[in-house]
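What follows is the content of work-v4.txt (compact mmCIF, C-alpha atoms and all ligand atoms).
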# COMPACT_ATOMS: atom_id res chain seq x y z
CA MET C 1 37.54 -120.86 -179.67
CA THR C 2 34.13 -120.07 -181.13
CA ALA C 3 33.02 -120.32 -184.73
CA ALA C 4 32.43 -116.56 -184.69
CA VAL C 5 31.86 -114.86 -188.03
CA ARG C 6 31.66 -111.31 -189.25
CA GLY C 7 28.54 -110.47 -191.20
CA TRP C 8 24.82 -110.64 -190.58
CA CYS C 9 22.46 -113.30 -189.26
CA PRO C 10 24.36 -114.79 -186.35
CA ALA C 11 23.05 -117.87 -184.55
CA ALA C 12 23.62 -119.16 -181.05
CA TRP C 13 26.06 -121.83 -182.23
CA ARG C 14 27.57 -119.44 -184.77
CA PRO C 15 27.87 -116.06 -183.06
CA MET C 16 28.91 -112.90 -184.81
CA ALA C 17 32.01 -110.97 -183.83
CA ALA C 18 30.94 -107.36 -183.12
CA GLY C 19 32.75 -104.36 -181.71
CA ASP C 20 31.57 -105.14 -178.18
CA GLY C 21 32.20 -108.88 -178.20
CA LEU C 22 30.21 -111.80 -179.57
CA LEU C 23 26.61 -111.42 -180.62
CA VAL C 24 24.40 -114.46 -180.01
CA ARG C 25 20.97 -114.79 -181.60
CA ILE C 26 18.14 -116.79 -180.04
CA ARG C 27 15.00 -117.85 -181.90
CA PRO C 28 12.48 -119.30 -179.43
CA ALA C 29 9.88 -121.67 -180.89
CA LEU C 30 6.64 -119.86 -181.81
CA GLY C 31 8.25 -116.63 -180.58
CA ARG C 32 7.23 -117.51 -177.04
CA VAL C 33 9.36 -117.51 -173.90
CA SER C 34 7.86 -118.81 -170.65
CA ALA C 35 8.28 -116.71 -167.52
CA ALA C 36 10.78 -119.24 -166.17
CA GLN C 37 12.76 -119.14 -169.43
CA ALA C 38 12.71 -115.34 -169.40
CA LEU C 39 14.12 -115.26 -165.87
CA GLY C 40 16.88 -117.67 -166.93
CA LEU C 41 17.58 -115.61 -170.04
CA ALA C 42 17.86 -112.41 -168.01
CA ALA C 43 20.30 -114.09 -165.63
CA ALA C 44 22.37 -115.42 -168.56
CA ALA C 45 22.47 -112.00 -170.23
CA ALA C 46 23.70 -110.40 -167.01
CA ARG C 47 26.27 -113.11 -166.32
CA PHE C 48 27.68 -113.79 -169.78
CA GLY C 49 26.75 -110.73 -171.85
CA ASN C 50 26.43 -106.99 -171.40
CA GLY C 51 23.19 -107.29 -169.42
CA GLU C 52 21.03 -106.11 -172.32
CA ILE C 53 18.75 -108.10 -174.62
CA ASP C 54 17.80 -106.93 -178.10
CA LEU C 55 14.53 -107.72 -179.86
CA THR C 56 15.04 -107.82 -183.62
CA ARG C 57 12.83 -106.87 -186.56
CA ARG C 58 12.15 -110.58 -187.10
CA ALA C 59 11.09 -111.10 -183.48
CA ASN C 60 14.31 -112.82 -182.44
CA LEU C 61 16.42 -112.09 -179.37
CA GLN C 62 20.08 -111.16 -179.35
CA LEU C 63 22.62 -111.05 -176.56
CA ARG C 64 25.66 -108.82 -177.06
CA GLY C 65 28.98 -108.27 -175.38
CA VAL C 66 29.69 -111.96 -174.85
CA GLY C 67 33.36 -112.77 -174.25
CA GLU C 68 35.07 -115.63 -176.08
CA ALA C 69 35.43 -117.61 -172.85
CA ASP C 70 31.77 -117.04 -171.91
CA TRP C 71 30.26 -118.10 -175.23
CA ARG C 72 30.11 -121.86 -174.66
CA PRO C 73 28.78 -121.64 -171.06
CA LEU C 74 26.18 -119.19 -172.36
CA VAL C 75 25.01 -121.49 -175.14
CA GLU C 76 24.91 -124.44 -172.75
CA ALA C 77 22.76 -122.39 -170.39
CA LEU C 78 20.43 -121.45 -173.27
CA VAL C 79 20.18 -125.09 -174.37
CA ALA C 80 19.32 -126.07 -170.78
CA LEU C 81 16.58 -123.42 -170.83
CA ASP C 82 15.26 -124.94 -174.11
CA LEU C 83 15.83 -121.62 -175.84
CA VAL C 84 18.48 -122.97 -178.22
CA ASP C 85 18.44 -126.27 -180.06
CA PRO C 86 21.31 -128.57 -179.03
CA ASP C 87 21.87 -129.39 -182.71
CA PRO C 88 23.82 -126.54 -184.40
CA ALA C 89 22.38 -127.56 -187.79
CA ILE C 90 18.81 -127.03 -186.53
CA ASP C 91 19.83 -123.77 -184.85
CA ALA C 92 21.17 -122.52 -188.19
CA GLN C 93 18.00 -123.31 -190.17
CA ALA C 94 15.83 -120.63 -191.77
CA GLY C 95 13.90 -118.41 -189.38
CA LEU C 96 10.19 -118.63 -188.65
CA THR C 97 8.28 -115.53 -187.57
CA VAL C 98 4.83 -116.15 -186.09
CA ALA C 99 2.12 -113.50 -185.72
CA PRO C 100 2.32 -112.89 -181.97
CA ASP C 101 -1.42 -112.68 -181.27
CA TRP C 102 -2.02 -116.38 -181.92
CA ARG C 103 -4.14 -118.40 -179.54
CA ALA C 104 -3.58 -122.06 -178.71
CA GLY C 105 -5.21 -124.19 -181.40
CA ASP C 106 -5.98 -121.40 -183.86
CA ASP C 107 -4.80 -121.52 -187.48
CA THR C 108 -1.57 -119.57 -186.91
CA HIS C 109 -0.63 -121.81 -183.98
CA ARG C 110 -1.54 -125.01 -185.82
CA ILE C 111 0.31 -124.12 -189.03
CA ALA C 112 3.44 -122.90 -187.22
CA THR C 113 3.44 -126.06 -185.11
CA ASP C 114 3.07 -128.18 -188.28
CA LEU C 115 5.97 -126.34 -189.89
CA LEU C 116 8.21 -126.83 -186.86
CA ALA C 117 7.30 -130.53 -186.69
CA LEU C 118 8.58 -130.87 -190.27
CA ARG C 119 11.92 -129.15 -189.60
CA GLY C 120 13.80 -132.26 -190.63
CA GLU C 121 12.38 -131.78 -194.13
CA TRP C 122 13.33 -128.12 -194.54
CA PRO C 123 15.97 -127.71 -197.24
CA ALA C 124 19.21 -125.87 -196.59
CA LEU C 125 18.46 -122.18 -197.23
CA PRO C 126 20.46 -118.93 -197.24
CA ALA C 127 21.18 -117.32 -193.88
CA LYS C 128 18.65 -114.51 -194.25
CA PHE C 129 15.85 -116.69 -195.62
CA GLY C 130 12.74 -116.84 -193.45
CA PHE C 131 9.19 -118.12 -193.19
CA ALA C 132 6.25 -116.23 -191.70
CA VAL C 133 3.00 -117.69 -190.42
CA ASP C 134 0.33 -115.05 -190.18
CA ALA C 135 -3.06 -116.74 -190.52
CA GLY C 136 -5.19 -114.85 -188.01
CA ARG C 137 -8.28 -112.94 -189.06
CA SER C 138 -6.05 -109.96 -189.81
CA CYS C 139 -2.53 -110.38 -191.15
CA ARG C 140 -0.04 -108.67 -188.85
CA LEU C 141 3.30 -109.33 -190.49
CA SER C 142 2.97 -107.76 -193.93
CA ASP C 143 5.81 -105.32 -193.18
CA THR C 144 8.01 -107.94 -191.52
CA PRO C 145 10.72 -109.44 -193.75
CA ALA C 146 9.95 -113.00 -194.87
CA ASP C 147 10.52 -115.06 -198.01
CA ILE C 148 7.64 -117.51 -197.77
CA ARG C 149 4.45 -116.42 -196.07
CA ILE C 150 1.44 -118.45 -195.02
CA GLU C 151 -1.39 -116.01 -194.50
CA ARG C 152 -5.16 -115.72 -194.46
CA SER C 153 -6.68 -114.29 -197.62
CA VAL C 154 -9.42 -111.68 -197.79
CA GLU C 155 -11.73 -114.57 -198.74
CA GLY C 156 -10.91 -116.19 -195.39
CA GLY C 157 -8.89 -119.25 -196.46
CA PRO C 158 -5.15 -119.95 -196.18
CA MET C 159 -2.79 -118.67 -198.84
CA LEU C 160 0.89 -118.88 -199.74
CA ARG C 161 2.76 -115.76 -200.84
CA THR C 162 6.42 -115.06 -201.49
CA GLY C 163 8.43 -112.02 -200.44
CA GLY C 164 8.11 -109.23 -202.99
CA GLN C 165 4.75 -110.42 -204.40
CA ALA C 166 1.48 -108.59 -203.70
CA THR C 167 -0.61 -111.71 -204.30
CA GLY C 168 -0.24 -115.43 -203.73
CA VAL C 169 -1.97 -118.74 -204.22
CA ALA C 170 -4.97 -119.99 -202.25
CA LEU C 171 -4.39 -123.28 -200.39
CA ALA C 172 -6.63 -125.92 -198.87
CA TRP C 173 -6.75 -126.12 -195.08
CA GLY C 174 -4.15 -128.55 -193.82
CA GLU C 175 -1.73 -128.37 -196.73
CA GLU C 176 -0.06 -125.09 -195.68
CA ALA C 177 3.18 -126.38 -194.10
CA ALA C 178 3.84 -128.93 -196.85
CA ALA C 179 3.26 -126.27 -199.53
CA ALA C 180 5.68 -123.86 -197.84
CA ILE C 181 8.37 -126.55 -197.70
CA ASP C 182 7.75 -127.49 -201.34
CA LEU C 183 8.27 -123.86 -202.31
CA ALA C 184 11.46 -123.68 -200.25
CA ARG C 185 12.73 -126.78 -202.08
CA TRP C 186 11.87 -125.17 -205.42
CA PHE C 187 13.89 -122.10 -204.36
CA ARG C 188 16.88 -124.28 -203.49
CA ASP C 189 16.59 -126.43 -206.63
CA THR C 190 16.37 -123.41 -208.96
CA GLY C 191 19.57 -121.85 -207.63
CA GLY C 192 18.05 -119.54 -205.03
CA ALA C 193 21.22 -119.61 -202.93
CA ALA C 194 22.87 -117.29 -205.46
CA SER C 195 20.24 -114.56 -204.91
CA GLY C 196 19.82 -115.21 -201.20
CA ARG C 197 16.26 -113.97 -200.90
CA MET C 198 13.05 -114.92 -202.66
CA ALA C 199 12.35 -111.34 -203.76
CA ARG C 200 15.68 -111.21 -205.61
CA HIS C 201 15.39 -114.65 -207.19
CA PRO C 202 15.09 -114.11 -210.97
CA VAL C 203 13.39 -117.43 -211.79
CA PRO C 204 9.59 -117.18 -212.23
CA LEU C 205 7.57 -118.94 -209.56
CA PRO C 206 6.16 -122.35 -210.50
CA GLY C 207 2.60 -122.18 -211.78
CA TRP C 208 1.18 -123.91 -208.70
CA ALA C 209 2.58 -121.10 -206.47
CA GLN C 210 1.10 -118.25 -208.52
CA GLY C 211 -2.33 -116.80 -207.86
CA ASP C 212 -4.34 -113.67 -207.20
CA ALA C 213 -5.18 -114.25 -203.53
CA ARG C 214 -4.65 -111.16 -201.36
CA PRO C 215 -3.85 -111.21 -197.62
CA ALA C 216 -6.39 -109.77 -195.16
CA GLN C 217 -4.56 -106.70 -193.88
CA GLY C 218 -4.52 -105.89 -190.19
CA GLY C 219 -1.23 -104.23 -189.34
CA PRO C 220 0.98 -104.33 -186.26
CA LEU C 221 -0.08 -104.30 -182.61
CA ALA C 222 0.52 -101.31 -180.33
CA ALA C 223 1.74 -100.83 -176.76
CA GLY C 224 -0.82 -101.06 -173.97
CA PRO C 225 -3.50 -103.50 -172.81
CA HIS C 226 -4.33 -106.42 -175.11
CA PRO C 227 -6.90 -109.24 -174.81
CA LEU C 228 -4.00 -111.68 -174.31
CA GLY C 229 -2.23 -109.55 -171.67
CA ALA C 230 -0.19 -106.37 -172.02
CA LEU C 231 2.16 -105.06 -174.69
CA TYR C 232 5.28 -103.25 -173.50
CA GLY C 233 7.36 -101.07 -175.81
CA LEU C 234 11.15 -101.40 -175.81
CA PRO C 235 12.94 -98.14 -176.70
CA PHE C 236 15.28 -98.96 -179.59
CA GLY C 237 14.27 -102.60 -179.29
CA ARG C 238 16.38 -103.20 -176.18
CA ILE C 239 15.51 -104.40 -172.69
CA ALA C 240 17.84 -104.59 -169.70
CA ALA C 241 18.08 -107.91 -167.88
CA ASP C 242 16.64 -106.42 -164.69
CA ALA C 243 13.69 -104.94 -166.62
CA LEU C 244 12.97 -108.34 -168.16
CA THR C 245 13.08 -109.85 -164.70
CA ALA C 246 10.66 -107.22 -163.41
CA LEU C 247 8.40 -107.84 -166.40
CA VAL C 248 7.86 -111.54 -165.70
CA ASP C 249 8.63 -111.99 -162.00
CA ARG C 250 5.05 -111.37 -160.90
CA PRO C 251 2.09 -113.68 -160.35
CA ASP C 252 0.08 -112.56 -163.38
CA ALA C 253 2.83 -113.04 -166.04
CA SER C 254 2.93 -116.52 -167.55
CA ALA C 255 5.02 -115.98 -170.70
CA VAL C 256 6.38 -113.37 -173.09
CA ARG C 257 5.65 -113.32 -176.81
CA LEU C 258 8.17 -111.69 -179.11
CA THR C 259 6.97 -109.26 -181.77
CA PRO C 260 8.80 -107.66 -184.71
CA TRP C 261 7.68 -104.18 -183.61
CA ARG C 262 9.90 -103.61 -180.55
CA LEU C 263 7.06 -104.79 -178.32
CA LEU C 264 6.83 -107.67 -175.88
CA LEU C 265 3.41 -109.18 -175.23
CA VAL C 266 3.26 -110.43 -171.65
CA GLU C 267 0.61 -113.12 -171.49
CA ASP C 268 -2.14 -112.73 -168.88
CA ALA C 269 -0.47 -109.67 -167.35
CA ALA C 270 -2.10 -106.40 -166.33
CA ALA C 271 -0.74 -103.28 -168.01
CA VAL C 272 1.12 -101.91 -165.00
CA PRO C 273 4.21 -99.71 -165.45
CA VAL C 274 7.67 -101.32 -165.56
CA PRO C 275 10.67 -98.93 -165.40
CA GLY C 276 12.40 -98.50 -168.74
CA LEU C 277 9.48 -99.85 -170.79
CA ALA C 278 6.63 -97.97 -172.46
CA LEU C 279 2.91 -98.68 -172.22
CA ASP C 280 1.83 -95.55 -174.07
CA PRO C 281 1.81 -96.07 -177.84
CA ALA C 282 2.44 -92.32 -178.23
CA ASP C 283 5.69 -92.45 -176.23
CA PRO C 284 8.19 -90.58 -178.47
CA LEU C 285 10.91 -93.13 -177.74
CA LEU C 286 8.83 -95.80 -179.46
CA ALA C 287 8.68 -93.71 -182.62
CA ALA C 288 12.44 -93.09 -182.76
CA HIS C 289 14.87 -95.48 -184.43
CA ALA C 290 18.55 -95.79 -183.63
CA CYS C 291 20.96 -98.65 -184.21
CA VAL C 292 23.45 -99.70 -181.59
CA GLY C 293 26.11 -97.35 -183.02
CA ALA C 294 29.61 -96.84 -181.58
CA PRO C 295 31.39 -98.43 -179.85
CA ALA C 296 29.35 -101.64 -180.13
CA CYS C 297 29.32 -101.71 -183.93
CA PRO C 298 32.68 -101.54 -185.71
CA GLN C 299 31.07 -99.80 -188.70
CA ALA C 300 29.93 -96.85 -186.57
CA SER C 301 31.98 -93.69 -186.09
CA VAL C 302 29.36 -92.05 -183.81
CA ALA C 303 27.34 -92.92 -180.71
CA THR C 304 23.65 -93.03 -181.60
CA ARG C 305 21.21 -93.89 -178.86
CA ASP C 306 22.00 -91.20 -176.31
CA LEU C 307 21.51 -88.59 -179.02
CA ALA C 308 18.30 -90.25 -180.22
CA ARG C 309 16.97 -90.43 -176.66
CA ARG C 310 17.50 -86.68 -176.20
CA LEU C 311 16.15 -85.73 -179.61
CA ALA C 312 13.12 -88.04 -179.68
CA PRO C 313 10.73 -85.78 -177.70
CA HIS C 314 11.56 -82.91 -180.08
CA VAL C 315 11.78 -84.65 -183.46
CA ALA C 316 8.92 -86.73 -184.84
CA GLY C 317 9.98 -89.49 -187.21
CA LEU C 318 13.63 -89.64 -186.11
CA HIS C 319 16.23 -92.14 -187.29
CA VAL C 320 19.81 -91.95 -186.00
CA SER C 321 22.11 -94.35 -187.81
CA GLY C 322 25.73 -95.13 -187.00
CA CYS C 323 26.54 -95.49 -190.69
CA ALA C 324 24.94 -95.52 -194.12
CA LYS C 325 23.76 -99.12 -193.75
CA GLY C 326 20.68 -98.04 -191.77
CA CYS C 327 20.15 -101.26 -189.81
CA ALA C 328 17.53 -99.78 -187.47
CA ARG C 329 15.21 -98.65 -190.24
CA SER C 330 15.34 -99.61 -193.92
CA GLY C 331 12.63 -97.19 -195.05
CA PRO C 332 12.82 -93.39 -195.14
CA ALA C 333 12.42 -91.31 -191.98
CA ARG C 334 11.22 -87.74 -191.63
CA VAL C 335 14.58 -86.77 -190.10
CA VAL C 336 17.58 -89.04 -190.53
CA LEU C 337 21.03 -88.49 -189.03
CA THR C 338 23.72 -90.69 -190.54
CA GLY C 339 27.12 -91.01 -188.91
CA ARG C 340 30.15 -90.42 -191.10
CA ASP C 341 33.73 -89.81 -189.96
CA GLY C 342 32.65 -88.97 -186.41
CA ARG C 343 29.93 -86.47 -187.38
CA PHE C 344 26.38 -86.59 -188.70
CA ASP C 345 24.82 -85.98 -192.08
CA LEU C 346 21.27 -84.61 -191.86
CA GLY C 347 18.67 -85.93 -194.27
CA LEU C 348 14.96 -85.12 -194.57
CA ALA C 349 12.36 -87.65 -195.72
CA ALA C 350 15.25 -89.94 -196.57
CA ARG C 351 16.93 -93.23 -195.79
CA ALA C 352 20.24 -93.47 -193.94
CA GLY C 353 23.10 -92.72 -196.28
CA TYR C 354 21.04 -90.80 -198.84
CA PRO C 355 22.48 -87.47 -200.05
CA PRO C 356 22.15 -85.09 -197.05
CA VAL C 357 20.74 -81.59 -196.93
CA GLU C 358 23.55 -80.73 -194.48
CA ALA C 359 26.76 -82.61 -193.69
CA GLY C 360 29.35 -82.80 -190.93
CA LEU C 361 27.18 -81.77 -187.94
CA ASP C 362 28.16 -82.60 -184.39
CA ALA C 363 25.79 -83.76 -181.64
CA ALA C 364 25.76 -80.39 -179.81
CA THR C 365 24.75 -78.57 -182.99
CA LEU C 366 21.94 -81.03 -183.63
CA LEU C 367 20.62 -80.78 -180.06
CA ALA C 368 20.54 -76.98 -180.38
CA ARG C 369 19.02 -77.14 -183.87
CA PHE C 370 16.06 -79.18 -182.65
CA GLY C 371 15.59 -77.39 -179.31
CA ALA C 372 16.78 -80.30 -177.18
CA CYS C 373 19.29 -78.52 -174.95
S1 LIG S 1 23.68 -98.99 -189.25
FE1 LIG S 1 25.91 -99.18 -189.42
S2 LIG S 1 26.62 -98.55 -187.40
FE2 LIG S 1 24.47 -99.04 -187.16
S3 LIG S 1 24.42 -101.18 -186.53
FE3 LIG S 1 24.21 -101.13 -188.77
S4 LIG S 1 26.30 -101.38 -189.53
FE4 LIG S 1 26.45 -100.79 -187.37
Can the structure in the file be given as structure tokens, please?
Ligand code: SF4
Amino acid sequence: MTAAVRGWCPAAWRPMAAGDGLLVRIRPALGRVSAAQALGLAAAAARFGNGEIDLTRRANLQLRGVGEADWRPLVEALVALDLVDPDPAIDAQAGLTVAPDWRAGDDTHRIATDLLALRGEWPALPAKFGFAVDAGRSCRLSDTPADIRIERSVEGGPMLRTGGQATGVALAWGEEAAAAIDLARWFRDTGGAASGRMARHPVPLPGWAQGDARPAQGGPLAAGPHPLGALYGLPFGRIAADALTALVDRPDASAVRLTPWRLLLVEDAAAVPVPGLALDPADPLLAAHACVGAPACPQASVATRDLARRLAPHVAGLHVSGCAKGCARSGPARVVLTGRDGRFDLGLAARAGYPPVEAGLDAATLLARFGAC
């Protein structure tokens, strides 16, 4: 028997029970998977899961469709690959998202390494709580969910900022990881578990964590060539095991970095086509959002991704959601289709589940409406 739970934020040692089996989350250190690890991961996904690997909005990986009997052999294989910590308590700790364009020895790499080295000092935090280290010349992760951020300010020094705050406090070089842990302890000690996330915590920040430092904005990366290698887009954030194998099983691919933007950065690799993946940042599939939908998610009453795949070339700014929760996109979309009772509600410039302009549409009607059939 597993310790499977229903709800959000699964871990490898604590998988989530979904409609298509167990869902196992993997959080590689520094968001980096070597080519050898990636090959092992692809083999494990094909053997123990549904053969697909999801890349999440916090740059984690998820395997789905894992049977009860396959869960333990899968986790043991992931531990052997050094992709999962053998200690379930460490595996369940808060997440750490690292700006994926770090270079060995730069500030992002050093601070993230410092923070990981101090893992034994991290307090117990709510399941969705997360850190972000984003200290390159341009901050990349401003739109990525995180509760405690270590960033580079517009003045050029390190800064600490909490989720939901536009500004933060300037730090001295070298004190970043300790300051982030101190702030996490403050969150725990002031009852943060009740609110779950820093942005919802009603207690004012301690004076030492308040300031007017602003992060140096840079924004996300895009598909295509990159000075560190090549960025490949994953339609709907999903890659098949054989595509992952093709991505790294070549002489010029040394490792894969995970990003929160449905992109994989293949270190040292040339930007050559790989079937099923996108190198063109204008590829319409990269602009479309669709959750896993039915039958994989028990909340869904509609299939989502086949419809999104057919509509994407015809509908800019598309979001197809299996239900009103809107897991694939929290913000508004130009066109949003929300599943309800086996049909779709159509919304414009809206979030999933918002009052529709038209309700109860079937897939054939929508394909005809948008010229996709
Ligand atoms: S939006 Fe609804 S249907 Fe889609 S994955 Fe989330 S809970 Fe499931």
- Task: Point out the residue among C:Asp345, C:Asp101, C:Glu76, C:Asp147 with the least atom-to-atom distance to Leu263 (chain C), counting all atoms listed in the file.
- Result: C:Asp101
Would you write out, as a tab-separated table, a table of all residues in chain C that have an atom no more than 6 Å from an atom of ligand LIG 1 (chain S), listing for each the closest atom pair and the distance in Å to one decimal, considering all atoms listed in the file and ordering rows by chain and rising residue number?
residue	atom	partner	partner_atom	distance
C:Cys291	CA	S:LIG1	FE2	4.6
C:Val292	CA	S:LIG1	S3	5.2
C:Gly293	CA	S:LIG1	S2	4.6
C:Cys297	CA	S:LIG1	FE4	4.6
C:Gln299	CA	S:LIG1	S2	4.8
C:Ala300	CA	S:LIG1	S2	3.8
C:Ser321	CA	S:LIG1	S1	5.1
C:Gly322	CA	S:LIG1	S2	3.6
C:Cys323	CA	S:LIG1	FE1	4.0
C:Lys325	CA	S:LIG1	S1	4.5
C:Gly326	CA	S:LIG1	S1	4.0
C:Cys327	CA	S:LIG1	FE3	4.2
- Which is closer to Ala230 (chain C) than all the others in C:Thr190, C:Thr338, C:Thr245, C:Ser254, using all atoms listed in the file? C:Ser254
- Write out as number ranges by chain which residues come within 10 Å of region 43-58 of chain C when counting only C-alpha atoms, dropping same-chain ones fewer than 5 positions away. C: 20-27, 31, 37-38, 63-75, 77-78, 95-98, 130, 132, 141, 143-146, 234, 236-245, 258-264, 292, 327-329
For Gly331 (chain C), work out the shell of residues within 10 Å, counting only C-alpha atoms and skipping chain neighbours fewer than 4 positions away, then give it as a JSON list (two decimals) with C-alpha atoms, in the coordinates of the input.
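Dumped to result.json:
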[["chain", "number", "residue", "atom", "x", "y", "z"],
["C", 319, "HIS", "CA", 16.23, -92.14, -187.29],
["C", 326, "GLY", "CA", 20.68, -98.04, -191.77],
["C", 349, "ALA", "CA", 12.36, -87.65, -195.72],
["C", 350, "ALA", "CA", 15.25, -89.94, -196.57],
["C", 351, "ARG", "CA", 16.93, -93.23, -195.79],
["C", 352, "ALA", "CA", 20.24, -93.47, -193.94]]
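Ranking C:Pro15, C:Gly163, C:Gly360, C:Pro100 by their shortest atom-to-atom distance to His226 (chain C), with only C-alpha atoms included, puts C:Pro100 first.
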- Message: Between CA of Ala35 (chain C) and CA of Val248 (chain C), what is the distance in Å, rounded to a tenth?
- Response: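 Between CA of Ala35 (chain C) and CA of Val248 (chain C) the gap is 5.5 Å.
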- Message: Please determine, counting only C-alpha atoms, which residue among C:Pro158, C:Gly191, C:Pro227, C:Gly164 has the shortest atom-to-atom distance to Ala177 (chain C).
- Response: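 Answer, going by the shortest atom-to-atom distance: C:Pro158.
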- Message: Using all atoms listed in the file for the distances, tell me which of C:Ala166, C:Leu30, C:Leu286, C:Cys139 is nearest to Gln217 (chain C).
- Response: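 Ranking C:Ala166, C:Leu30, C:Leu286, C:Cys139 by distance to Gln217 (chain C), first place goes to C:Cys139.
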- Message: Set the distance at 6 Å and use all atoms listed in the file: which residues neighbour Leu279 (chain C) once local chain neighbours fewer than 6 positions away are removed? I'd like the list as a PyMOL selection string.
- Response: chain C and resi 223-224+232
- One-decimal distance in Å that lies between CA of His314 (chain C) and CA of Gly371 (chain C):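 For CA of Gly371 (chain C) relative to CA of His314 (chain C), the distance reads 6.9 Å.
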- Item | Interatomic distance (Å, one decimal) between CA of Met16 (chain C) and CA of Arg197 (chain C) |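 If I compute the distance from CA of Met16 (chain C) to CA of Arg197 (chain C), I get 20.5 Å.
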- Item | Using all atoms listed in the file: which of C:Pro313, C:Gly156, C:Gly168, C:Gly353 has the shortest distance to Gln210 (chain C) | C:Gly168
